[in-house]
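Listing of run_27.json, JSON, C-alpha atoms
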[["chain", "number", "residue", "atom", "x", "y", "z"],
["A", 47, "MET", "CA", -49.85, -59.32, 46.99],
["A", 48, "ARG", "CA", -50.13, -58.30, 43.32],
["A", 49, "ARG", "CA", -50.15, -54.58, 44.23],
["A", 50, "LEU", "CA", -47.07, -55.04, 46.35],
["A", 51, "LEU", "CA", -45.28, -56.77, 43.47],
["A", 52, "ILE", "CA", -46.24, -53.99, 41.04],
["A", 53, "ARG", "CA", -45.08, -51.35, 43.53],
["A", 54, "HIS", "CA", -41.72, -53.08, 43.94],
["A", 55, "LEU", "CA", -41.31, -53.33, 40.17],
["A", 56, "TRP", "CA", -41.96, -49.58, 39.81],
["A", 57, "ILE", "CA", -39.42, -48.80, 42.52],
["A", 58, "LEU", "CA", -36.88, -51.04, 40.79],
["A", 59, "ALA", "CA", -37.57, -49.43, 37.40],
["A", 60, "LEU", "CA", -37.19, -45.92, 38.82],
["A", 61, "GLY", "CA", -33.95, -46.94, 40.47],
["A", 62, "LEU", "CA", -32.56, -48.32, 37.23],
["A", 63, "ILE", "CA", -33.53, -45.19, 35.30],
["A", 64, "SER", "CA", -31.75, -42.96, 37.78],
["A", 65, "CYS", "CA", -28.58, -45.10, 37.56],
["A", 66, "GLY", "CA", -27.84, -44.09, 33.98],
["A", 67, "PRO", "CA", -24.81, -41.90, 33.32],
["A", 68, "ALA", "CA", -25.22, -38.15, 33.76],
["A", 69, "LEU", "CA", -24.86, -36.62, 30.32],
["A", 70, "PRO", "CA", -24.59, -33.05, 29.07],
["A", 71, "ASP", "CA", -27.32, -31.46, 26.98],
["A", 72, "ASP", "CA", -25.34, -29.79, 24.17],
["A", 73, "VAL", "CA", -24.46, -31.70, 21.02],
["A", 74, "ASP", "CA", -20.72, -31.00, 21.08],
["A", 75, "SER", "CA", -20.33, -32.36, 24.62],
["A", 76, "LEU", "CA", -22.51, -35.36, 23.79],
["A", 77, "ILE", "CA", -20.33, -36.14, 20.77],
["A", 78, "LYS", "CA", -17.30, -36.05, 23.07],
["A", 79, "ALA", "CA", -19.15, -38.42, 25.43],
["A", 80, "MET", "CA", -19.82, -40.76, 22.48],
["A", 81, "ASN", "CA", -16.04, -41.15, 22.33],
["A", 82, "SER", "CA", -15.90, -42.39, 25.93],
["A", 83, "ASN", "CA", -13.99, -45.55, 26.78],
["A", 84, "SER", "CA", -17.08, -46.60, 28.72],
["A", 85, "GLU", "CA", -19.47, -48.34, 26.35],
["A", 86, "THR", "CA", -22.37, -47.46, 28.66],
["A", 87, "VAL", "CA", -21.56, -43.74, 28.44],
["A", 88, "ALA", "CA", -20.82, -43.82, 24.70],
["A", 89, "VAL", "CA", -24.08, -45.61, 23.83],
["A", 90, "ALA", "CA", -26.15, -43.46, 26.19],
["A", 91, "ALA", "CA", -24.64, -40.35, 24.60],
["A", 92, "ALA", "CA", -25.40, -41.65, 21.09],
["A", 93, "ASN", "CA", -28.99, -42.34, 22.14],
["A", 94, "LYS", "CA", -29.30, -38.81, 23.50],
["A", 95, "VAL", "CA", -27.80, -37.28, 20.34],
["A", 96, "GLU", "CA", -30.36, -39.19, 18.26],
["A", 97, "ARG", "CA", -33.24, -38.29, 20.56],
["A", 98, "ASN", "CA", -32.39, -34.58, 20.97],
["A", 99, "PHE", "CA", -30.59, -33.66, 17.73],
["A", 100, "GLY", "CA", -31.66, -36.34, 15.24],
["A", 101, "LYS", "CA", -29.96, -36.86, 11.93],
["A", 102, "GLN", "CA", -27.98, -33.62, 11.98],
["A", 103, "GLY", "CA", -26.49, -34.36, 15.39],
["A", 104, "LEU", "CA", -25.46, -37.84, 14.30],
["A", 105, "LEU", "CA", -23.99, -36.51, 11.05],
["A", 106, "SER", "CA", -21.95, -34.07, 13.15],
["A", 107, "ALA", "CA", -20.69, -37.00, 15.23],
["A", 108, "LEU", "CA", -19.80, -38.89, 12.05],
["A", 109, "ARG", "CA", -17.91, -35.93, 10.61],
["A", 110, "THR", "CA", -16.27, -34.38, 13.67],
["A", 111, "GLY", "CA", -16.28, -36.89, 16.52],
["A", 112, "GLY", "CA", -13.43, -38.99, 17.76],
["A", 113, "THR", "CA", -12.88, -42.49, 16.42],
["A", 114, "THR", "CA", -15.43, -44.16, 18.70],
["A", 115, "ALA", "CA", -18.07, -41.50, 18.04],
["A", 116, "ARG", "CA", -17.51, -41.82, 14.29],
["A", 117, "ALA", "CA", -17.84, -45.60, 14.59],
["A", 118, "LEU", "CA", -21.05, -45.36, 16.65],
["A", 119, "ALA", "CA", -22.85, -42.75, 14.56],
["A", 120, "PRO", "CA", -23.64, -45.03, 11.58],
["A", 121, "ARG", "CA", -25.46, -47.47, 13.86],
["A", 122, "TRP", "CA", -27.96, -44.73, 14.71],
["A", 123, "LEU", "CA", -27.93, -43.08, 11.28],
["A", 124, "LYS", "CA", -29.61, -46.18, 9.88],
["A", 125, "ASN", "CA", -32.78, -44.72, 11.42],
["A", 126, "PHE", "CA", -32.51, -41.81, 8.94],
["A", 127, "PRO", "CA", -32.21, -43.49, 5.53],
["A", 128, "ASP", "CA", -31.90, -40.74, 2.95],
["A", 129, "ALA", "CA", -29.47, -39.52, 0.29],
["A", 130, "GLU", "CA", -27.61, -37.17, 2.65],
["A", 131, "VAL", "CA", -26.93, -39.96, 5.14],
["A", 132, "GLU", "CA", -25.95, -42.39, 2.40],
["A", 133, "GLN", "CA", -23.49, -39.89, 0.92],
["A", 134, "ALA", "CA", -21.93, -39.23, 4.33],
["A", 135, "LEU", "CA", -21.56, -42.97, 4.97],
["A", 136, "VAL", "CA", -19.99, -43.50, 1.53],
["A", 137, "ALA", "CA", -17.51, -40.69, 2.23],
["A", 138, "VAL", "CA", -16.39, -42.33, 5.50],
["A", 139, "ALA", "CA", -16.35, -45.86, 4.07],
["A", 140, "ALA", "CA", -14.30, -44.88, 1.02],
["A", 141, "ASN", "CA", -11.74, -42.77, 2.91],
["A", 142, "PRO", "CA", -8.55, -44.86, 3.20],
["A", 143, "LYS", "CA", -7.15, -42.38, 5.76],
["A", 144, "GLU", "CA", -10.11, -43.00, 8.09],
["A", 145, "HIS", "CA", -9.66, -45.40, 11.01],
["A", 146, "GLU", "CA", -10.89, -48.93, 10.34],
["A", 147, "SER", "CA", -13.74, -48.88, 12.90],
["A", 148, "PRO", "CA", -15.76, -45.98, 11.42],
["A", 149, "ARG", "CA", -15.19, -47.36, 7.92],
["A", 150, "ILE", "CA", -16.48, -50.81, 8.87],
["A", 151, "SER", "CA", -19.48, -49.35, 10.72],
["A", 152, "ALA", "CA", -20.35, -47.12, 7.75],
["A", 153, "ILE", "CA", -20.02, -50.07, 5.36],
["A", 154, "TRP", "CA", -22.28, -52.23, 7.53],
["A", 155, "THR", "CA", -24.91, -49.48, 7.63],
["A", 156, "LEU", "CA", -24.75, -49.09, 3.85],
["A", 157, "GLY", "CA", -25.75, -52.75, 3.67],
["A", 158, "ASP", "CA", -28.83, -51.86, 5.73],
["A", 159, "ILE", "CA", -29.92, -48.56, 4.15],
["A", 160, "GLY", "CA", -27.84, -48.02, 1.02],
["A", 161, "THR", "CA", -29.36, -47.69, -2.43],
["A", 162, "SER", "CA", -28.05, -48.58, -5.85],
["A", 163, "ALA", "CA", -25.85, -45.47, -5.51],
["A", 164, "SER", "CA", -23.72, -47.38, -2.96],
["A", 165, "VAL", "CA", -23.14, -50.51, -5.03],
["A", 166, "SER", "CA", -20.06, -49.31, -6.92],
["A", 167, "THR", "CA", -18.42, -48.02, -3.73],
["A", 168, "LEU", "CA", -19.02, -51.34, -1.97],
["A", 169, "GLU", "CA", -17.70, -53.24, -4.99],
["A", 170, "THR", "CA", -14.52, -51.16, -4.92],
["A", 171, "LEU", "CA", -14.19, -51.57, -1.15],
["A", 172, "SER", "CA", -14.55, -55.35, -1.47],
["A", 173, "ARG", "CA", -11.03, -55.20, -2.96],
["A", 174, "ASP", "CA", -9.63, -52.84, -0.29],
["A", 175, "ASN", "CA", -6.11, -53.48, 1.03],
["A", 176, "ASN", "CA", -7.55, -53.69, 4.55],
["A", 177, "SER", "CA", -8.91, -57.23, 4.76],
["A", 178, "SER", "CA", -11.48, -56.30, 7.44],
["A", 179, "VAL", "CA", -12.84, -53.49, 5.27],
["A", 180, "ALA", "CA", -12.90, -55.76, 2.21],
["A", 181, "SER", "CA", -14.67, -58.54, 4.08],
["A", 182, "MET", "CA", -17.33, -56.20, 5.48],
["A", 183, "ALA", "CA", -17.84, -54.63, 2.05],
["A", 184, "LYS", "CA", -18.48, -58.07, 0.52],
["A", 185, "GLU", "CA", -20.96, -58.91, 3.28],
["A", 186, "SER", "CA", -22.76, -55.57, 3.00],
["A", 187, "LEU", "CA", -22.80, -55.67, -0.79],
["A", 188, "GLY", "CA", -24.56, -59.03, -0.64],
["A", 189, "ARG", "CA", -27.14, -57.72, 1.84],
["A", 190, "LEU", "CA", -27.67, -54.57, -0.22],
["A", 191, "LYS", "CA", -28.15, -56.48, -3.49],
["A", 192, "ASN", "CA", -30.63, -58.81, -1.78],
["A", 193, "ARG", "CA", -32.61, -55.82, -0.52],
["A", 194, "LEU", "CA", -32.62, -54.17, -3.93],
["A", 195, "GLN", "CA", -34.13, -57.22, -5.67]]
Serialized structure, C-alpha cells:
Amino acid sequence: MRRLLIRHLWILALGLISCGPALPDDVDSLIKAMNSNSETVAVAAANKVERNFGKQGLLSALRTGGTTARALAPRWLKNFPDAEVEQALVAVAANPKEHESPRISAIWTLGDIGTSASVSTLETLSRDNNSSVASMAKESLGRLKNRLQ
C-alpha cells in the first residue's frame, strides 16, 4: 500500500512539473515573458531568468523590461545583495518618471538589502508626491534602519 501511494505521488509530481508554462531559453524573450499578463507565466519567467542568467539577467529586466518585468525584478534581485544591485534599485526608486509599480518594488527591496547608502534616498522618497511611493519609502526606511542597528 505504501509503495502504491509513493508511486501515485511521483506520478502526480511529474504531472504538475510538466504543466508549467513553456518558456523560451534566451534572456530577452524571458524578460518579455516576465511582462506577461499571466502571473504564472511572469513569475515562472522571472524564476528562469534568475536560475539561468542570475544577477545580470535580472538587472537587464530591471533596466529594459516592460513595467511588470521591472516591477518583478527587484523581488529576485534581493538574492544578489551588492552595491551594483543597490545602485540599480536606487535609480529606479528615485526616478519620478518611472511607473509606480517598479518604484515601489525597488523601494521594498531596498528595505531588505539596502545599506546606509540607501538611507538618504529613502528619506527623500518618504516625502514623494506619490503617496504610495512615500508610504513604502517610510516602511522600508524603518526596516532598513532596524537592520543596520
Which distance in Å separates atom CA of A:Val136 and atom CA of A:Leu156, to one decimal? 7.7 Å
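Of the listed residues (A:Thr114, A:Ser147, A:Ser162, A:Thr86), A:Ser147 comes nearest to A:Val179; the distances count only C-alpha atoms.
Going from atom CA of A:Asn175 over to atom CA of A:Glu144, you cover 13.3 Å.
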Name the residues in contact with A:Lys124 at a cut-off of 8 Å, using all atoms listed in the file, excluding same-chain residues fewer than 2 positions from it; report them as JSON, numbers by chain. {"A": [120, 121, 122, 126, 127, 155, 158, 159]}
Considering only C-alpha atoms, give me a table of residues in stretch 98-192 of chain A that are at most 8 Å from stretch 70-84 of chain A, with the closest atom pair and distance in Å for each, as CSV.
residue,atom,partner,partner_atom,distance
A:Phe99,CA,A:Val73,CA,7.2
A:Gly103,CA,A:Val73,CA,6.5
A:Ala107,CA,A:Ile77,CA,5.6
A:Gly111,CA,A:Ile77,CA,5.9
A:Gly112,CA,A:Asn81,CA,5.7
A:Thr113,CA,A:Asn81,CA,6.8
A:Thr114,CA,A:Asn81,CA,4.8
A:Ala115,CA,A:Asn81,CA,4.8
A:Leu118,CA,A:Met80,CA,7.5
Nearby residues, (-24.2, -58.1, -0.7) file frame, 10 Å, all atoms listed in the file, as a PyMOL selection string: chain A and resi 157+165+168-169+182-194
Keeping C-alpha atoms (and nothing else), can you write chain A of this structure as a PDB file, in the first residue's frame?
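Output file out.pdb follows:
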ATOM      1  CA  MET A  47       0.000   0.000   0.000  1.00  0.00           C
ATOM      2  CA  ARG A  48       2.801   2.417   0.909  1.00  0.00           C
ATOM      3  CA  ARG A  49       4.620   1.751  -2.395  1.00  0.00           C
ATOM      4  CA  LEU A  50       1.436   2.392  -4.314  1.00  0.00           C
ATOM      5  CA  LEU A  51       0.951   5.700  -2.512  1.00  0.00           C
ATOM      6  CA  ILE A  52       4.545   6.764  -3.218  1.00  0.00           C
ATOM      7  CA  ARG A  53       4.163   5.782  -6.880  1.00  0.00           C
ATOM      8  CA  HIS A  54       0.981   7.847  -7.187  1.00  0.00           C
ATOM      9  CA  LEU A  55       2.666  10.834  -5.546  1.00  0.00           C
ATOM     10  CA  TRP A  56       5.549  10.623  -8.051  1.00  0.00           C
ATOM     11  CA  ILE A  57       3.124  10.462 -10.964  1.00  0.00           C
ATOM     12  CA  LEU A  58       1.261  13.478  -9.584  1.00  0.00           C
ATOM     13  CA  ALA A  59       4.507  15.416  -9.078  1.00  0.00           C
ATOM     14  CA  LEU A  60       5.690  14.664 -12.613  1.00  0.00           C
ATOM     15  CA  GLY A  61       2.336  15.744 -13.970  1.00  0.00           C
ATOM     16  CA  LEU A  62       2.485  19.040 -12.101  1.00  0.00           C
ATOM     17  CA  ILE A  63       6.033  19.731 -13.295  1.00  0.00           C
ATOM     18  CA  SER A  64       5.046  19.202 -16.905  1.00  0.00           C
ATOM     19  CA  CYS A  65       2.064  21.576 -16.538  1.00  0.00           C
ATOM     20  CA  GLY A  66       4.246  24.652 -16.121  1.00  0.00           C
ATOM     21  CA  PRO A  67       4.269  27.234 -18.898  1.00  0.00           C
ATOM     22  CA  ALA A  68       6.577  26.622 -21.845  1.00  0.00           C
ATOM     23  CA  LEU A  69       9.214  29.328 -21.724  1.00  0.00           C
ATOM     24  CA  PRO A  70      11.964  30.410 -24.110  1.00  0.00           C
ATOM     25  CA  ASP A  71      15.624  29.996 -23.235  1.00  0.00           C
ATOM     26  CA  ASP A  72      17.091  33.382 -24.215  1.00  0.00           C
ATOM     27  CA  VAL A  73      17.149  36.253 -21.742  1.00  0.00           C
ATOM     28  CA  ASP A  74      15.451  38.828 -23.982  1.00  0.00           C
ATOM     29  CA  SER A  75      12.447  36.571 -24.615  1.00  0.00           C
ATOM     30  CA  LEU A  76      12.267  35.648 -20.937  1.00  0.00           C
ATOM     31  CA  ILE A  77      12.221  39.331 -19.986  1.00  0.00           C
ATOM     32  CA  LYS A  78       9.309  39.804 -22.400  1.00  0.00           C
ATOM     33  CA  ALA A  79       7.580  36.828 -20.738  1.00  0.00           C
ATOM     34  CA  MET A  80       8.133  38.473 -17.331  1.00  0.00           C
ATOM     35  CA  ASN A  81       5.852  41.218 -18.638  1.00  0.00           C
ATOM     36  CA  SER A  82       3.029  38.750 -19.283  1.00  0.00           C
ATOM     37  CA  ASN A  83      -0.465  39.485 -18.020  1.00  0.00           C
ATOM     38  CA  SER A  84      -0.446  35.936 -16.656  1.00  0.00           C
ATOM     39  CA  GLU A  85       1.110  35.968 -13.205  1.00  0.00           C
ATOM     40  CA  THR A  86       2.015  32.285 -13.610  1.00  0.00           C
ATOM     41  CA  VAL A  87       3.981  32.997 -16.791  1.00  0.00           C
ATOM     42  CA  ALA A  88       5.574  36.188 -15.438  1.00  0.00           C
ATOM     43  CA  VAL A  89       6.771  34.544 -12.213  1.00  0.00           C
ATOM     44  CA  ALA A  90       7.970  31.406 -14.000  1.00  0.00           C
ATOM     45  CA  ALA A  91       9.924  33.586 -16.426  1.00  0.00           C
ATOM     46  CA  ALA A  92      11.471  35.567 -13.556  1.00  0.00           C
ATOM     47  CA  ASN A  93      12.476  32.310 -11.869  1.00  0.00           C
ATOM     48  CA  LYS A  94      14.090  31.113 -15.086  1.00  0.00           C
ATOM     49  CA  VAL A  95      15.935  34.418 -15.584  1.00  0.00           C
ATOM     50  CA  GLU A  96      17.329  34.128 -12.055  1.00  0.00           C
ATOM     51  CA  ARG A  97      18.239  30.463 -12.475  1.00  0.00           C
ATOM     52  CA  ASN A  98      19.833  30.763 -15.938  1.00  0.00           C
ATOM     53  CA  PHE A  99      21.180  34.331 -16.058  1.00  0.00           C
ATOM     54  CA  GLY A 100      21.480  35.367 -12.407  1.00  0.00           C
ATOM     55  CA  LYS A 101      22.028  38.926 -11.324  1.00  0.00           C
ATOM     56  CA  GLN A 102      22.899  40.271 -14.771  1.00  0.00           C
ATOM     57  CA  GLY A 103      19.726  38.868 -16.324  1.00  0.00           C
ATOM     58  CA  LEU A 104      17.595  40.381 -13.578  1.00  0.00           C
ATOM     59  CA  LEU A 105      19.378  43.726 -13.881  1.00  0.00           C
ATOM     60  CA  SER A 106      18.592  43.643 -17.608  1.00  0.00           C
ATOM     61  CA  ALA A 107      14.935  43.043 -16.762  1.00  0.00           C
ATOM     62  CA  LEU A 108      15.004  45.943 -14.304  1.00  0.00           C
ATOM     63  CA  ARG A 109      16.575  48.290 -16.843  1.00  0.00           C
ATOM     64  CA  THR A 110      14.934  47.244 -20.112  1.00  0.00           C
ATOM     65  CA  GLY A 111      11.822  45.203 -19.369  1.00  0.00           C
ATOM     66  CA  GLY A 112       8.239  46.305 -19.522  1.00  0.00           C
ATOM     67  CA  THR A 113       6.502  47.662 -16.436  1.00  0.00           C
ATOM     68  CA  THR A 114       5.633  44.253 -14.979  1.00  0.00           C
ATOM     69  CA  ALA A 115       9.131  42.871 -15.608  1.00  0.00           C
ATOM     70  CA  ARG A 116      10.679  45.954 -13.987  1.00  0.00           C
ATOM     71  CA  ALA A 117       8.362  45.511 -11.002  1.00  0.00           C
ATOM     72  CA  LEU A 118       9.173  41.789 -10.655  1.00  0.00           C
ATOM     73  CA  ALA A 119      12.945  42.029 -10.999  1.00  0.00           C
ATOM     74  CA  PRO A 120      13.614  43.611  -7.571  1.00  0.00           C
ATOM     75  CA  ARG A 121      11.867  40.715  -5.833  1.00  0.00           C
ATOM     76  CA  TRP A 122      14.503  38.346  -7.241  1.00  0.00           C
ATOM     77  CA  LEU A 123      17.392  40.819  -7.066  1.00  0.00           C
ATOM     78  CA  LYS A 124      17.186  40.657  -3.285  1.00  0.00           C
ATOM     79  CA  ASN A 125      19.016  37.343  -3.687  1.00  0.00           C
ATOM     80  CA  PHE A 126      22.035  39.295  -5.014  1.00  0.00           C
ATOM     81  CA  PRO A 127      22.694  41.951  -2.361  1.00  0.00           C
ATOM     82  CA  ASP A 128      25.647  44.001  -3.543  1.00  0.00           C
ATOM     83  CA  ALA A 129      26.498  47.596  -4.433  1.00  0.00           C
ATOM     84  CA  GLU A 130      25.617  47.211  -8.120  1.00  0.00           C
ATOM     85  CA  VAL A 131      22.136  45.909  -7.312  1.00  0.00           C
ATOM     86  CA  GLU A 132      21.590  48.553  -4.658  1.00  0.00           C
ATOM     87  CA  GLN A 133      22.571  51.336  -7.072  1.00  0.00           C
ATOM     88  CA  ALA A 134      20.233  49.977  -9.756  1.00  0.00           C
ATOM     89  CA  LEU A 135      17.354  49.789  -7.257  1.00  0.00           C
ATOM     90  CA  VAL A 136      18.034  53.342  -6.053  1.00  0.00           C
ATOM     91  CA  ALA A 137      17.997  54.575  -9.666  1.00  0.00           C
ATOM     92  CA  VAL A 138      14.568  53.020 -10.289  1.00  0.00           C
ATOM     93  CA  ALA A 139      13.139  54.079  -6.918  1.00  0.00           C
ATOM     94  CA  ALA A 140      14.271  57.687  -7.282  1.00  0.00           C
ATOM     95  CA  ASN A 141      13.106  58.121 -10.891  1.00  0.00           C
ATOM     96  CA  PRO A 142       9.863  60.149 -10.794  1.00  0.00           C
ATOM     97  CA  LYS A 143       9.211  59.289 -14.467  1.00  0.00           C
ATOM     98  CA  GLU A 144       9.206  55.557 -13.672  1.00  0.00           C
ATOM     99  CA  HIS A 145       5.858  53.793 -13.250  1.00  0.00           C
ATOM    100  CA  GLU A 146       4.733  53.414  -9.639  1.00  0.00           C
ATOM    101  CA  SER A 147       4.956  49.591  -9.518  1.00  0.00           C
ATOM    102  CA  PRO A 148       8.692  49.233 -10.259  1.00  0.00           C
ATOM    103  CA  ARG A 149       9.444  52.139  -7.916  1.00  0.00           C
ATOM    104  CA  ILE A 150       7.510  50.562  -5.050  1.00  0.00           C
ATOM    105  CA  SER A 151       9.077  47.145  -5.666  1.00  0.00           C
ATOM    106  CA  ALA A 152      12.579  48.656  -5.737  1.00  0.00           C
ATOM    107  CA  ILE A 153      11.877  50.607  -2.540  1.00  0.00           C
ATOM    108  CA  TRP A 154      10.617  47.470  -0.781  1.00  0.00           C
ATOM    109  CA  THR A 155      13.735  45.557  -1.810  1.00  0.00           C
ATOM    110  CA  LEU A 156      15.971  48.371  -0.557  1.00  0.00           C
ATOM    111  CA  GLY A 157      14.361  47.812   2.836  1.00  0.00           C
ATOM    112  CA  ASP A 158      15.506  44.187   2.619  1.00  0.00           C
ATOM    113  CA  ILE A 159      19.029  44.547   1.197  1.00  0.00           C
ATOM    114  CA  GLY A 160      19.917  48.237   1.201  1.00  0.00           C
ATOM    115  CA  THR A 161      22.871  49.646   3.103  1.00  0.00           C
ATOM    116  CA  SER A 162      23.460  53.008   4.704  1.00  0.00           C
ATOM    117  CA  ALA A 163      23.966  54.298   1.135  1.00  0.00           C
ATOM    118  CA  SER A 164      20.187  53.962   0.583  1.00  0.00           C
ATOM    119  CA  VAL A 165      19.063  55.854   3.677  1.00  0.00           C
ATOM    120  CA  SER A 166      19.122  59.356   2.184  1.00  0.00           C
ATOM    121  CA  THR A 167      17.250  58.211  -0.939  1.00  0.00           C
ATOM    122  CA  LEU A 168      14.554  56.546   1.171  1.00  0.00           C
ATOM    123  CA  GLU A 169      14.299  59.629   3.390  1.00  0.00           C
ATOM    124  CA  THR A 170      13.769  61.795   0.305  1.00  0.00           C
ATOM    125  CA  LEU A 171      11.254  59.338  -1.142  1.00  0.00           C
ATOM    126  CA  SER A 172       9.296  59.323   2.121  1.00  0.00           C
ATOM    127  CA  ARG A 173       8.229  62.846   1.084  1.00  0.00           C
ATOM    128  CA  ASP A 174       7.446  61.910  -2.544  1.00  0.00           C
ATOM    129  CA  ASN A 175       4.349  63.427  -4.177  1.00  0.00           C
ATOM    130  CA  ASN A 176       3.093  59.907  -4.895  1.00  0.00           C
ATOM    131  CA  SER A 177       1.538  58.807  -1.601  1.00  0.00           C
ATOM    132  CA  SER A 178       2.092  55.094  -2.342  1.00  0.00           C
ATOM    133  CA  VAL A 179       5.786  55.688  -3.004  1.00  0.00           C
ATOM    134  CA  ALA A 180       6.093  57.840   0.117  1.00  0.00           C
ATOM    135  CA  SER A 181       4.333  55.268   2.281  1.00  0.00           C
ATOM    136  CA  MET A 182       6.500  52.408   1.022  1.00  0.00           C
ATOM    137  CA  ALA A 183       9.646  54.507   1.498  1.00  0.00           C
ATOM    138  CA  LYS A 184       8.719  55.160   5.138  1.00  0.00           C
ATOM    139  CA  GLU A 185       8.068  51.451   5.712  1.00  0.00           C
ATOM    140  CA  SER A 186      11.302  50.387   4.009  1.00  0.00           C
ATOM    141  CA  LEU A 187      13.342  53.066   5.747  1.00  0.00           C
ATOM    142  CA  GLY A 188      12.159  51.740   9.099  1.00  0.00           C
ATOM    143  CA  ARG A 189      13.059  48.166   8.152  1.00  0.00           C
ATOM    144  CA  LEU A 190      16.442  49.257   6.803  1.00  0.00           C
ATOM    145  CA  LYS A 191      17.324  51.261   9.921  1.00  0.00           C
ATOM    146  CA  ASN A 192      16.331  48.312  12.116  1.00  0.00           C
ATOM    147  CA  ARG A 193      18.598  46.019  10.110  1.00  0.00           C
ATOM    148  CA  LEU A 194      21.506  48.450  10.291  1.00  0.00           C
ATOM    149  CA  GLN A 195      21.411  48.646  14.106  1.00  0.00           C
TER     150      GLN A 195
END
